[in-house]
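Enquirer: input_7.txt is reproduced below (compact mmCIF, C-alpha atoms and all ligand atoms).
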```txt
# COMPACT_ATOMS: atom_id res chain seq x y z
CA MET S 1 -14.55 6.34 -38.62
CA ALA S 2 -16.00 9.47 -37.03
CA ASP S 3 -12.84 11.40 -37.83
CA ALA S 4 -12.38 10.13 -41.41
CA GLY S 5 -10.69 12.87 -43.36
CA MET S 6 -9.19 14.45 -40.26
CA LEU S 7 -5.42 14.21 -40.52
CA ARG S 8 -3.25 13.46 -37.56
CA PHE S 9 0.35 14.44 -37.03
CA HIS S 10 2.57 11.81 -35.41
CA VAL S 11 5.35 12.60 -32.94
CA PRO S 12 7.13 9.52 -31.54
CA GLU S 13 7.31 9.55 -27.73
CA PRO S 14 9.93 7.90 -25.48
CA GLU S 15 8.66 5.00 -23.35
CA VAL S 16 9.42 6.69 -20.05
CA ARG S 17 9.80 10.25 -18.78
CA PRO S 18 11.56 11.58 -15.64
CA GLY S 19 9.96 10.14 -12.53
CA GLY S 20 8.95 6.95 -14.38
CA THR S 21 10.48 3.49 -14.09
CA PRO S 22 13.13 2.81 -16.75
CA ASP S 23 11.97 0.17 -19.18
CA PHE S 24 14.05 -1.43 -21.92
CA SER S 25 11.78 -4.46 -22.37
CA ASN S 26 11.27 -3.35 -25.98
CA VAL S 27 15.00 -3.77 -26.72
CA THR S 28 15.50 -7.34 -27.93
CA ILE S 29 18.94 -8.67 -26.97
CA PRO S 30 19.96 -11.81 -28.87
CA LYS S 31 22.16 -14.38 -27.13
CA ALA S 32 25.92 -13.80 -27.34
CA GLY S 33 27.45 -15.95 -30.06
CA SER S 34 24.19 -16.51 -31.91
CA ALA S 35 24.87 -14.21 -34.90
CA PRO S 36 26.58 -15.82 -37.90
CA ARG S 37 29.83 -14.40 -39.30
CA PRO S 38 29.31 -14.08 -43.07
CA GLU S 39 32.12 -14.38 -45.58
CA ILE S 40 33.74 -11.03 -46.35
CA ASP S 41 32.44 -11.08 -49.94
CA VAL S 42 28.90 -12.09 -48.95
CA ASP S 43 26.05 -10.96 -51.19
CA PRO S 44 24.50 -8.11 -49.13
CA ARG S 45 21.01 -9.28 -50.11
CA THR S 46 21.49 -12.48 -48.13
CA ILE S 47 22.30 -10.78 -44.80
CA ARG S 48 19.56 -8.17 -44.58
CA ASP S 49 18.30 -9.66 -41.31
CA MET S 50 21.59 -8.65 -39.63
CA ALA S 51 20.37 -5.04 -39.72
CA PHE S 52 17.72 -6.04 -37.18
CA SER S 53 19.74 -8.24 -34.82
CA ILE S 54 22.75 -7.52 -32.55
CA ILE S 55 26.14 -9.20 -32.91
CA ARG S 56 27.44 -10.08 -29.44
CA VAL S 57 30.54 -11.98 -28.28
CA LEU S 58 30.72 -11.64 -24.48
CA ASN S 59 28.04 -13.60 -22.64
CA ARG S 60 26.71 -13.05 -19.11
CA ASP S 61 29.43 -15.28 -17.64
CA GLY S 62 32.16 -13.19 -19.24
CA GLU S 63 33.00 -15.83 -21.86
CA ALA S 64 33.74 -14.98 -25.49
CA VAL S 65 31.50 -17.17 -27.66
CA GLY S 66 30.44 -17.70 -31.26
CA PRO S 67 31.94 -17.12 -34.70
CA TRP S 68 32.98 -13.49 -34.02
CA ALA S 69 35.15 -14.50 -31.00
CA GLY S 70 38.83 -15.39 -30.86
CA LEU S 71 40.48 -12.57 -32.79
CA LEU S 72 42.38 -10.85 -29.97
CA SER S 73 45.24 -12.08 -27.77
CA ASP S 74 45.37 -11.67 -23.98
CA GLN S 75 47.87 -8.86 -24.47
CA GLU S 76 45.66 -7.01 -26.94
CA LEU S 77 42.64 -7.33 -24.65
CA LEU S 78 44.58 -6.08 -21.64
CA GLU S 79 45.69 -3.12 -23.73
CA GLY S 80 42.09 -2.49 -24.79
CA LEU S 81 40.97 -2.51 -21.15
CA ARG S 82 43.66 0.01 -20.31
CA HIS S 83 42.59 2.30 -23.16
CA MET S 84 38.97 2.29 -22.01
CA MET S 85 39.96 2.88 -18.38
CA THR S 86 42.24 5.73 -19.47
CA LEU S 87 39.46 7.37 -21.47
CA ARG S 88 37.07 7.10 -18.50
CA THR S 89 39.59 8.64 -16.11
CA PHE S 90 40.52 11.33 -18.63
CA ASP S 91 36.80 12.17 -18.95
CA ALA S 92 36.28 12.38 -15.18
CA ARG S 93 39.26 14.71 -14.73
CA MET S 94 38.30 16.97 -17.63
CA GLN S 95 34.67 17.12 -16.55
CA MET S 96 35.93 18.26 -13.14
CA ALA S 97 38.28 20.77 -14.78
CA GLN S 98 35.26 22.23 -16.59
CA ARG S 99 33.41 22.61 -13.29
CA GLN S 100 36.50 24.34 -11.89
CA GLY S 101 36.37 26.88 -14.71
CA LYS S 102 39.59 25.67 -16.37
CA THR S 103 37.77 25.14 -19.67
CA SER S 104 34.44 26.35 -21.01
CA PHE S 105 33.13 23.00 -22.24
CA TYR S 106 33.56 19.24 -22.06
CA MET S 107 31.89 16.10 -23.46
CA GLN S 108 32.20 12.67 -21.85
CA HIS S 109 32.13 9.14 -23.31
CA LEU S 110 30.82 7.37 -20.20
CA GLY S 111 29.42 3.97 -21.21
CA GLU S 112 30.58 4.28 -24.84
CA GLU S 113 34.31 3.68 -24.38
CA ALA S 114 34.38 0.35 -26.25
CA VAL S 115 33.15 1.83 -29.53
CA SER S 116 36.04 4.14 -30.38
CA CYS S 117 38.78 2.28 -28.46
CA ALA S 118 38.09 -1.07 -30.15
CA PHE S 119 37.47 0.40 -33.60
CA ARG S 120 40.86 2.15 -33.65
CA LYS S 121 42.67 -1.17 -33.12
CA ALA S 122 41.06 -2.60 -36.26
CA LEU S 123 42.38 0.23 -38.49
CA ALA S 124 45.80 0.53 -40.10
CA LYS S 125 48.13 3.51 -40.03
CA GLY S 126 47.13 6.03 -42.69
CA ASP S 127 43.40 5.20 -42.56
CA MET S 128 41.33 8.30 -41.80
CA ASN S 129 38.53 8.75 -39.29
CA PHE S 130 35.97 11.51 -39.67
CA PRO S 131 34.84 11.50 -36.07
CA THR S 132 32.26 13.26 -33.95
CA TYR S 133 33.03 14.72 -30.53
CA ARG S 134 32.36 11.33 -28.92
CA GLN S 135 35.26 9.31 -30.31
CA ALA S 136 38.28 10.52 -28.32
CA GLY S 137 39.02 6.81 -27.81
CA LEU S 138 40.35 6.81 -31.38
CA LEU S 139 43.15 9.08 -30.18
CA ILE S 140 43.73 7.41 -26.80
CA ALA S 141 43.93 3.95 -28.37
CA ASP S 142 46.38 5.24 -30.98
CA GLY S 143 48.76 6.65 -28.39
CA TYR S 144 48.05 10.33 -29.05
CA PRO S 145 49.48 12.30 -26.10
CA MET S 146 46.88 13.12 -23.45
CA VAL S 147 48.78 16.33 -22.68
CA THR S 148 48.13 17.54 -26.23
CA MET S 149 44.42 16.73 -25.89
CA MET S 150 44.30 18.69 -22.64
CA ASN S 151 46.19 21.62 -24.18
CA GLN S 152 43.43 21.78 -26.80
CA ILE S 153 40.73 21.59 -24.10
CA TYR S 154 42.38 24.45 -22.20
CA SER S 155 43.06 26.51 -25.37
CA ASN S 156 46.47 27.28 -23.87
CA GLU S 157 49.77 28.34 -25.40
CA ALA S 158 50.56 24.72 -26.37
CA ASP S 159 47.16 24.08 -27.99
CA PRO S 160 48.08 22.70 -31.45
CA LEU S 161 44.87 24.29 -32.80
CA LYS S 162 45.72 27.67 -31.27
CA GLY S 163 42.36 28.19 -29.57
CA ARG S 164 40.42 28.13 -32.84
CA GLN S 165 38.32 25.07 -32.11
CA LEU S 166 35.75 24.42 -29.39
CA PRO S 167 37.33 22.38 -26.56
CA ILE S 168 37.43 18.59 -27.40
CA MET S 169 37.30 19.24 -31.15
CA TYR S 170 40.73 17.76 -31.75
CA SER S 171 42.50 17.29 -35.07
CA SER S 172 45.45 15.08 -35.96
CA LYS S 173 46.33 14.04 -39.50
CA GLU S 174 49.17 11.94 -38.17
CA HIS S 175 46.75 9.91 -36.01
CA GLY S 176 44.06 9.59 -38.71
CA PHE S 177 41.68 11.95 -36.91
CA PHE S 178 40.10 14.52 -39.22
CA SER S 179 39.25 17.89 -37.58
CA ILE S 180 35.94 17.62 -35.76
CA SER S 181 33.19 19.84 -37.08
CA GLY S 182 30.54 21.29 -34.79
CA ASN S 183 28.09 21.17 -37.69
CA LEU S 184 26.77 17.68 -37.27
CA ALA S 185 26.84 15.17 -40.14
CA THR S 186 29.09 17.25 -42.40
CA GLN S 187 31.91 14.81 -41.68
CA TYR S 188 29.91 11.85 -43.04
CA ILE S 189 29.88 13.04 -46.63
CA GLN S 190 33.48 14.22 -46.27
CA ALA S 191 34.50 10.71 -45.21
CA VAL S 192 32.89 9.22 -48.31
CA GLY S 193 34.56 11.85 -50.49
CA TRP S 194 37.94 11.12 -48.89
CA ALA S 195 37.42 7.39 -49.49
CA MET S 196 36.50 8.00 -53.13
CA ALA S 197 39.64 10.12 -53.54
CA SER S 198 41.72 7.37 -51.98
CA ALA S 199 40.35 4.89 -54.53
CA ILE S 200 40.68 7.32 -57.46
CA SER S 201 44.36 7.81 -56.61
CA ASN S 202 44.87 4.03 -56.17
CA ASP S 203 45.93 4.47 -52.57
CA SER S 204 45.45 1.71 -49.97
CA HIS S 205 43.91 3.71 -47.12
CA ILE S 206 40.26 3.52 -46.19
CA ALA S 207 38.01 6.02 -44.39
CA ALA S 208 35.73 5.66 -41.39
CA ALA S 209 32.69 7.92 -41.12
CA TRP S 210 31.15 8.57 -37.69
CA ILE S 211 27.74 9.88 -36.74
CA GLY S 212 25.32 9.79 -33.79
CA ASP S 213 21.77 8.42 -33.93
CA GLY S 214 20.21 11.88 -33.87
CA SER S 215 22.45 13.29 -36.58
CA THR S 216 21.38 10.61 -39.09
CA ALA S 217 18.31 12.82 -39.57
CA GLU S 218 20.55 15.33 -41.38
CA SER S 219 20.50 15.16 -45.17
CA ASP S 220 24.30 14.79 -45.31
CA PHE S 221 23.88 11.28 -43.89
CA HIS S 222 21.60 10.23 -46.75
CA ALA S 223 23.70 11.95 -49.43
CA ALA S 224 26.74 10.12 -48.07
CA LEU S 225 24.98 6.77 -48.45
CA VAL S 226 24.09 7.53 -52.08
CA PHE S 227 27.71 8.26 -53.01
CA ALA S 228 29.11 5.40 -50.94
CA SER S 229 26.80 2.82 -52.49
CA THR S 230 26.98 4.06 -56.08
CA TYR S 231 30.77 4.25 -56.20
CA LYS S 232 31.44 1.41 -53.72
CA ALA S 233 33.66 3.78 -51.77
CA PRO S 234 36.20 2.17 -49.39
CA VAL S 235 34.51 3.47 -46.25
CA VAL S 236 33.01 2.14 -43.03
CA LEU S 237 29.84 4.02 -42.17
CA ASN S 238 29.55 4.05 -38.38
CA VAL S 239 26.36 5.04 -36.56
CA VAL S 240 26.70 5.29 -32.78
CA ASN S 241 23.22 4.77 -31.39
CA ASN S 242 23.55 5.86 -27.76
CA GLN S 243 19.75 6.23 -27.44
CA TRP S 244 19.80 10.01 -27.05
CA ALA S 245 20.50 13.16 -29.07
CA ILE S 246 20.73 15.68 -26.21
CA SER S 247 17.09 15.53 -24.95
CA THR S 248 15.64 13.84 -28.05
CA PHE S 249 15.21 10.06 -27.86
CA GLN S 250 16.47 7.91 -30.73
CA GLY S 251 12.94 7.12 -31.97
CA ILE S 252 12.68 10.56 -33.58
CA ALA S 253 15.62 10.19 -35.98
CA ARG S 254 14.96 6.46 -36.49
CA GLY S 255 11.37 7.08 -37.49
CA GLY S 256 9.79 4.08 -39.13
CA SER S 257 12.96 2.34 -40.27
CA GLY S 258 13.04 -0.10 -37.33
CA THR S 259 16.78 0.31 -36.75
CA PHE S 260 19.43 2.76 -37.86
CA ALA S 261 21.27 -0.07 -39.60
CA ALA S 262 18.18 -0.66 -41.72
CA ARG S 263 18.73 2.76 -43.29
CA GLY S 264 21.56 1.15 -45.28
CA LEU S 265 19.40 -1.57 -46.83
CA GLY S 266 17.65 0.68 -49.33
CA PHE S 267 21.10 1.55 -50.68
CA GLY S 268 22.14 -2.09 -50.98
CA ILE S 269 24.81 -1.53 -48.33
CA PRO S 270 25.53 -4.48 -46.00
CA SER S 271 24.34 -3.23 -42.63
CA LEU S 272 25.14 -4.80 -39.28
CA ARG S 273 24.19 -4.02 -35.70
CA VAL S 274 26.67 -4.73 -32.95
CA ASP S 275 26.68 -4.65 -29.16
CA GLY S 276 28.54 -1.36 -28.62
CA ASN S 277 29.37 -2.24 -25.01
CA ASP S 278 31.22 -5.42 -26.02
CA TYR S 279 34.87 -4.61 -26.86
CA LEU S 280 35.37 -7.94 -28.66
CA ALA S 281 32.23 -7.63 -30.76
CA VAL S 282 33.01 -4.04 -31.78
CA HIS S 283 36.55 -5.01 -32.77
CA ALA S 284 35.48 -8.10 -34.72
CA VAL S 285 32.76 -6.29 -36.68
CA ALA S 286 35.05 -3.31 -37.33
CA LYS S 287 37.70 -5.70 -38.74
CA TRP S 288 35.13 -7.32 -41.01
CA ALA S 289 33.88 -3.99 -42.35
CA ILE S 290 37.40 -2.55 -42.74
CA GLU S 291 38.54 -5.62 -44.66
CA ARG S 292 35.56 -5.30 -47.02
CA ALA S 293 36.53 -1.68 -47.69
CA ARG S 294 40.16 -2.62 -48.22
CA ARG S 295 39.27 -5.43 -50.64
CA ASN S 296 37.21 -3.11 -52.85
CA LEU S 297 33.96 -4.71 -51.76
CA GLY S 298 32.51 -1.33 -50.89
CA PRO S 299 30.95 0.32 -47.84
CA THR S 300 29.50 -1.34 -44.75
CA LEU S 301 27.10 0.38 -42.36
CA VAL S 302 27.62 -0.51 -38.70
CA GLU S 303 25.20 0.51 -35.95
CA TYR S 304 26.70 0.37 -32.45
CA VAL S 305 23.95 -0.22 -29.91
CA THR S 306 25.03 1.55 -26.75
CA TYR S 307 23.87 4.02 -24.11
CA ARG S 308 25.05 7.52 -23.21
CA VAL S 309 25.39 7.22 -19.43
CA GLY S 310 26.63 10.76 -18.84
CA ALA S 311 25.06 14.06 -19.74
CA HIS S 312 25.20 15.12 -23.40
CA SER S 313 27.83 17.73 -22.50
CA SER S 314 28.93 19.86 -19.56
CA SER S 315 26.05 22.20 -20.49
CA ASP S 316 23.35 19.50 -20.19
CA ASP S 317 21.19 18.12 -17.35
CA PRO S 318 19.63 14.78 -18.37
CA SER S 319 17.37 14.60 -15.31
CA ALA S 320 15.12 17.05 -17.17
CA TYR S 321 14.23 14.49 -19.84
CA ARG S 322 14.94 10.89 -18.71
CA PRO S 323 14.66 8.86 -15.50
CA LYS S 324 17.74 9.17 -13.30
CA ALA S 325 18.28 5.40 -13.05
CA GLU S 326 17.82 4.73 -16.76
CA SER S 327 21.49 3.93 -17.35
CA ASP S 328 21.42 1.27 -14.60
CA ALA S 329 18.57 -0.45 -16.43
CA TRP S 330 20.42 -0.49 -19.77
CA PRO S 331 20.57 -4.20 -20.65
CA LEU S 332 24.02 -4.27 -22.32
CA GLY S 333 25.95 -3.36 -19.16
CA ASP S 334 29.19 -1.45 -18.77
CA PRO S 335 31.92 -2.03 -21.39
CA ILE S 336 34.79 -1.81 -18.89
CA VAL S 337 33.20 -4.17 -16.36
CA ARG S 338 32.39 -6.65 -19.12
CA LEU S 339 35.93 -6.75 -20.50
CA LYS S 340 37.36 -6.86 -16.98
CA ASN S 341 35.18 -9.89 -16.15
CA HIS S 342 36.20 -11.58 -19.38
CA LEU S 343 39.89 -11.12 -18.59
CA ILE S 344 39.36 -12.48 -15.07
CA GLN S 345 37.51 -15.41 -16.59
CA ARG S 346 40.49 -15.99 -18.95
CA GLY S 347 42.77 -16.07 -15.90
CA VAL S 348 44.88 -13.05 -16.87
CA TRP S 349 43.33 -10.37 -14.61
CA SER S 350 41.98 -9.92 -11.10
CA ASP S 351 40.11 -7.40 -8.96
CA GLU S 352 43.42 -6.49 -7.28
CA ARG S 353 45.21 -5.87 -10.56
CA HIS S 354 42.25 -3.84 -11.76
CA ALA S 355 42.31 -1.60 -8.68
CA GLN S 356 46.07 -1.19 -9.08
CA ALA S 357 45.65 -0.27 -12.77
CA GLU S 358 42.98 2.26 -11.85
CA ALA S 359 45.35 3.96 -9.42
CA GLU S 360 48.23 3.95 -11.94
CA ILE S 361 46.04 5.39 -14.67
CA LEU S 362 44.73 8.12 -12.39
CA GLU S 363 48.31 9.04 -11.53
CA THR S 364 49.27 9.20 -15.22
CA VAL S 365 46.25 11.34 -16.10
CA ILE S 366 46.90 13.72 -13.21
CA ALA S 367 50.54 14.07 -14.27
CA ALA S 368 49.43 14.90 -17.82
CA GLN S 369 46.95 17.41 -16.44
CA LYS S 370 49.64 19.13 -14.35
CA GLU S 371 51.85 19.40 -17.40
CA ALA S 372 49.03 20.80 -19.54
CA GLU S 373 48.07 23.31 -16.86
CA SER S 374 51.66 24.55 -16.76
CA HIS S 375 50.94 25.83 -20.30
CA GLY S 376 47.78 27.62 -19.14
CA THR S 377 44.06 27.08 -18.73
CA LEU S 378 41.05 29.04 -19.99
CA HIS S 379 41.46 32.00 -17.64
CA ALA S 380 45.03 31.63 -16.38
CA GLY S 381 48.55 31.32 -17.75
CA GLY S 382 49.73 31.04 -21.34
CA LYS S 383 47.47 31.62 -24.33
CA PRO S 384 47.99 31.24 -28.07
CA SER S 385 49.57 34.46 -29.38
CA THR S 386 47.56 37.06 -31.29
CA ARG S 387 49.93 36.47 -34.20
CA ASP S 388 48.70 32.85 -34.43
CA MET S 389 45.29 34.17 -35.38
CA PHE S 390 46.67 35.27 -38.73
CA GLU S 391 48.65 32.12 -39.50
CA GLY S 392 47.70 28.82 -41.06
CA VAL S 393 44.60 29.90 -42.98
CA TYR S 394 45.88 31.21 -46.32
CA ALA S 395 48.93 29.90 -48.16
CA GLU S 396 49.57 33.56 -48.99
CA MET S 397 48.15 36.11 -46.62
CA PRO S 398 45.81 38.57 -48.37
CA PRO S 399 46.76 42.28 -48.08
CA HIS S 400 43.88 43.20 -45.74
CA LEU S 401 45.00 40.59 -43.19
CA ARG S 402 48.62 41.67 -43.48
CA ARG S 403 47.47 45.22 -42.73
CA GLN S 404 45.44 44.05 -39.73
CA ARG S 405 48.39 42.09 -38.41
CA GLN S 406 50.58 45.17 -38.66
CA GLN S 407 47.94 47.25 -36.88
CA ALA S 408 47.84 44.66 -34.09
CA GLY S 409 51.62 44.94 -33.90
CA VAL S 410 52.23 41.18 -33.94
C1 LIG S 501 23.67 20.68 -37.93
C2 LIG S 501 23.55 20.76 -36.43
N1 LIG S 501 22.33 20.73 -35.85
C3 LIG S 501 22.21 20.78 -34.50
C4 LIG S 501 23.32 20.88 -33.71
C5 LIG S 501 23.18 20.94 -32.17
N2 LIG S 501 23.54 19.64 -31.57
C6 LIG S 501 24.76 19.42 -31.07
S1 LIG S 501 24.93 17.84 -30.51
C7 LIG S 501 23.33 17.45 -30.91
C8 LIG S 501 22.80 16.06 -30.65
C9 LIG S 501 23.42 15.02 -31.49
O1 LIG S 501 22.99 13.74 -31.09
P1 LIG S 501 23.58 12.43 -31.73
O2 LIG S 501 23.79 12.62 -33.19
O3 LIG S 501 22.73 11.30 -31.31
O4 LIG S 501 25.05 12.31 -31.07
P2 LIG S 501 25.44 12.09 -29.54
O5 LIG S 501 25.61 13.46 -28.93
O6 LIG S 501 24.37 11.32 -28.89
O7 LIG S 501 26.74 11.35 -29.57
C10 LIG S 501 22.69 18.56 -31.48
C11 LIG S 501 21.29 18.57 -31.90
C12 LIG S 501 24.59 20.91 -34.35
N3 LIG S 501 25.73 20.96 -33.64
N4 LIG S 501 24.68 20.83 -35.69
MG MG S 502 23.04 9.99 -29.71
```
Render the structure in this file as structure tokens.
Ligand SMILES: Cc1ncc(C[n+]2csc(CCOP(=O)(O)OP(=O)(O)O)c2C)c(N)n1
Ligand SMILES: [Mg+2]
Expert:
Amino acid sequence: MADAGMLRFHVPEPEVRPGGTPDFSNVTIPKAGSAPRPEIDVDPRTIRDMAFSIIRVLNRDGEAVGPWAGLLSDQELLEGLRHMMTLRTFDARMQMAQRQGKTSFYMQHLGEEAVSCAFRKALAKGDMNFPTYRQAGLLIADGYPMVTMMNQIYSNEADPLKGRQLPIMYSSKEHGFFSISGNLATQYIQAVGWAMASAISNDSHIAAAWIGDGSTAESDFHAALVFASTYKAPVVLNVVNNQWAISTFQGIARGGSGTFAARGLGFGIPSLRVDGNDYLAVHAVAKWAIERARRNLGPTLVEYVTYRVGAHSSSDDPSAYRPKAESDAWPLGDPIVRLKNHLIQRGVWSDERHAQAEAEILETVIAAQKEAESHGTLHAGGKPSTRDMFEGVYAEMPPHLRRQRQQAGV
């Protein structure tokens, strides 16, 4: 005890740095099908261990097994595969468009497609998501037009948000997609507030809050959990743990809690972890949590265990802070490949049909891109008008803005 009395400051360190060999041996992956499926009205105190496990449906052979399997038809699964493939192709094209200078910024979902695509299919019309920038699958899976998304990315004359938002920060009330905020975690407390309002006005719509692993370190996350648990708000509290918050590994925000799901336990909130790269598991757990909210049983916290394969954004270079091959070592695989293999195993899909679908989807995305580009891109073609800048903020325009608009002659 030579240094008794000398205090030490602790900074968690990732297992491996660039140049090292990726190592996920510390990530315990339970067998698919091994997690129980509790009754919807289960006493949260009896399922605390689920905050430390991972619910999985698809096994290594591509079979759907266990009590969380069997909820989706062939048709629904084929549709889910198409949504994820569409999102991946959309991402690749828009990432390229950013490199070509057609937009200033882009953020991809590579490896995380199952989370938002499967969750959307468990919601009903009128439910409201409070998403982050990494849930465009909520829009794709709800049939929101890709052209409109691209118009927003290009801030062109057909951008429904008139160039006011950073590219990819979409907004659509109609599609249950609350305007994305660049200030992380603000949307979490807003989701809980929206859910409380829905209950106060005896409505039937529930809210879904979304946050990344890193952003759970913001105080809004904790404040949201207080309100959600006290008032049993009809909300699903989603945490997407993709292992990274730009260059910061998840161990920093997780601290000593063991898992992000475990954060919910101190609030008495049922908290589950799910394989975020397993479309069937994500959908089944989302359905369970959404039904609890809808039946006035209160909030559920869901941690999606996944991996951000791409860079954080078009402004990021992950080779500066993690081994290049880390994503290949990720033990939960690729969500598209896993669903594809499952559908082949079910006898309703094949490698040939997959290749054909890939080509069709690429064609559709390129056609949408051409149409969007006919309305302009960042530096070329149509732009929102100067007049738009004055509209849509105040119900009644204050005199100083009216004067400025006149001065601008618009
Ligand atoms: C309040 C606030 N702090 C910091 C930032 C800068 N920032 C943007 S994204 C990001 C990382 C977020 O990581 P995570 O929550 O894990 O989400 P992911 O990007 O992995 O989906 C940070 C720090 C911000 N936008 N807002
Ligand atoms: Mg993250």
Enquirer: Where does chain S meet ligand MG 502 (chain S) within 9 Å, residue by residue, with the nearest atom pair and distance in Å to one decimal for each, counting only C-alpha atoms and all ligand atoms, listed by chain and rising number, as CSV?
Expert:
```
residue,atom,partner,partner_atom,distance
S:Ile211,CA,S:MG502,MG,8.5
S:Gly212,CA,S:MG502,MG,4.7
S:Asp213,CA,S:MG502,MG,4.7
S:Gly214,CA,S:MG502,MG,5.4
S:Ser215,CA,S:MG502,MG,7.6
S:Val240,CA,S:MG502,MG,6.7
S:Asn241,CA,S:MG502,MG,5.5
S:Asn242,CA,S:MG502,MG,4.6
S:Gln243,CA,S:MG502,MG,5.5
S:Trp244,CA,S:MG502,MG,4.2
S:Ala245,CA,S:MG502,MG,4.1
S:Ile246,CA,S:MG502,MG,7.1
S:Thr248,CA,S:MG502,MG,8.5
S:Phe249,CA,S:MG502,MG,8.0
S:Gln250,CA,S:MG502,MG,7.0
S:Tyr307,CA,S:MG502,MG,8.2
S:Arg308,CA,S:MG502,MG,7.2
S:His312,CA,S:MG502,MG,8.4
```
Enquirer: Once you have the residues from the selection above, write them out as a PDB file, in the frame of the given file, restricted to C-alpha atoms.
Expert:
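Result written to out.pdb:
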```pdb
ATOM      1  CA  ILE S 211      27.740   9.880 -36.740  1.00  0.00           C
ATOM      2  CA  GLY S 212      25.320   9.790 -33.790  1.00  0.00           C
ATOM      3  CA  ASP S 213      21.770   8.420 -33.930  1.00  0.00           C
ATOM      4  CA  GLY S 214      20.210  11.880 -33.870  1.00  0.00           C
ATOM      5  CA  SER S 215      22.450  13.290 -36.580  1.00  0.00           C
ATOM      6  CA  VAL S 240      26.700   5.290 -32.780  1.00  0.00           C
ATOM      7  CA  ASN S 241      23.220   4.770 -31.390  1.00  0.00           C
ATOM      8  CA  ASN S 242      23.550   5.860 -27.760  1.00  0.00           C
ATOM      9  CA  GLN S 243      19.750   6.230 -27.440  1.00  0.00           C
ATOM     10  CA  TRP S 244      19.800  10.010 -27.050  1.00  0.00           C
ATOM     11  CA  ALA S 245      20.500  13.160 -29.070  1.00  0.00           C
ATOM     12  CA  ILE S 246      20.730  15.680 -26.210  1.00  0.00           C
ATOM     13  CA  THR S 248      15.640  13.840 -28.050  1.00  0.00           C
ATOM     14  CA  PHE S 249      15.210  10.060 -27.860  1.00  0.00           C
ATOM     15  CA  GLN S 250      16.470   7.910 -30.730  1.00  0.00           C
ATOM     16  CA  TYR S 307      23.870   4.020 -24.110  1.00  0.00           C
ATOM     17  CA  ARG S 308      25.050   7.520 -23.210  1.00  0.00           C
ATOM     18  CA  HIS S 312      25.200  15.120 -23.400  1.00  0.00           C
TER      19      HIS S 312
END
```
Enquirer: Excluding Leu301 of chain S and its own-chain neighbours fewer than 5 positions away, which residues fall within 12 Å of it when counting all atoms listed in the file? Please give them as a ChimeraX atom specification.
Expert: /S:44,48,50-51,188,208-211,221,224-225,228-229,233-240,259-274,285-286,288-290,292-293
Enquirer: Counting only C-alpha atoms, what is within 9 Å of segment 336-347 of chain S, bar same-chain residues fewer than 5 positions away, as a ChimeraX atom specification?
Expert: /S:58-64,74,77-78,80-81,84-85,111,113-114,277-280,354
Enquirer: Rounded to one decimal place, report the atom CA of Ala185 of chain S-atom CA of Asp220 of chain S distance in Å.
Expert: 5.8 Å
Enquirer: Which residue gives the smallest distance to ligand LIG 501 (chain S) among S:Met94, S:Ala32, S:Ile252, S:Ala197, with only C-alpha atoms and all ligand atoms counted?
Expert: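 Result for the nearest residue to ligand LIG 501 (chain S): S:Ile252.
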Enquirer: Residues proximal to (18.7, 8.1, -39.6) were defined as those with any atom within 6 Å of that point in the file's coordinates, counting only C-alpha atoms. Which are they, as a list in words?
Expert: Thr216, Ala217, Ala253, Arg254 and Phe260 of chain S
Enquirer: Have a look at S:Pro384, S:Pro30, S:Gly66, S:Gly251 and name the one nearest to ligand LIG 501 (chain S); count all atoms listed in the file.
Expert: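 The shortest atom-to-atom distance to ligand LIG 501 (chain S) comes from S:Gly251.
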Enquirer: Provide the atom CA of Val192 of chain S to atom CA of Arg164 of chain S distance in Å, to one decimal place.
Expert: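 These two atoms are separated by 25.6 Å.
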Enquirer: Would you mind listing what lies within 8 Å of segment 14-22 of chain S as a list in words, with all atoms listed in the file counted and same-chain residues fewer than 6 positions away left out?
Expert: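 The neighbour list is Phe249, Gly251, Ser319, Ala320, Tyr321, Arg322, Pro323, Lys324, Ala325, Glu326 and Ala329 of chain S.
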Enquirer: Given only C-alpha atoms and all ligand atoms as the basis, pick out the residue of S:Gly255, S:Gly310, S:Pro67, S:Gly182 nearest to ligand LIG 501 (chain S).
Expert: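 Counting only C-alpha atoms and all ligand atoms, the residue closest to ligand LIG 501 (chain S) is S:Gly182.
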Enquirer: Using all atoms listed in the file, which residue out of S:Leu166, S:Val410, S:Ile153, S:Leu362 lies closest to ligand LIG 501 (chain S)?
Expert: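 For ligand LIG 501 (chain S), the nearest of the candidates is S:Leu166.
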Enquirer: Using only C-alpha atoms and all ligand atoms for the distances, tell me which of S:Arg295, S:His109, S:Arg45, S:His175 is nearest to ligand LIG 501 (chain S).
Expert: S:His109
Enquirer: Give the answer as one residue: which of S:Asp328, S:Asp316, S:Asp142, S:Asp49 has the shortest atom-to-atom distance to ligand LIG 501 (chain S), using all atoms listed in the file?
Expert: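 Closest residue, counting all atoms listed in the file: S:Asp316.
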Enquirer: Do you have the atom CA of Phe130 of chain S-atom CA of Ala191 of chain S distance handy?
Expert: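 So the answer is 5.8 Å.
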Enquirer: Show which residues sit within 12 Å of Gly376 of chain S, as a list of chain:residue names. Count only C-alpha atoms, and ignore same-chain residues fewer than 4 positions away.
Expert: S:Lys102, S:Thr103, S:Val147, S:Met150, S:Asn151, S:Gln152, S:Ile153, S:Tyr154, S:Ser155, S:Asn156, S:Glu157, S:Ala158, S:Asp159, S:Gly163, S:Gln369, S:Lys370, S:Glu371, S:Ala372, S:Ala380, S:Gly381, S:Gly382, S:Lys383, S:Pro384
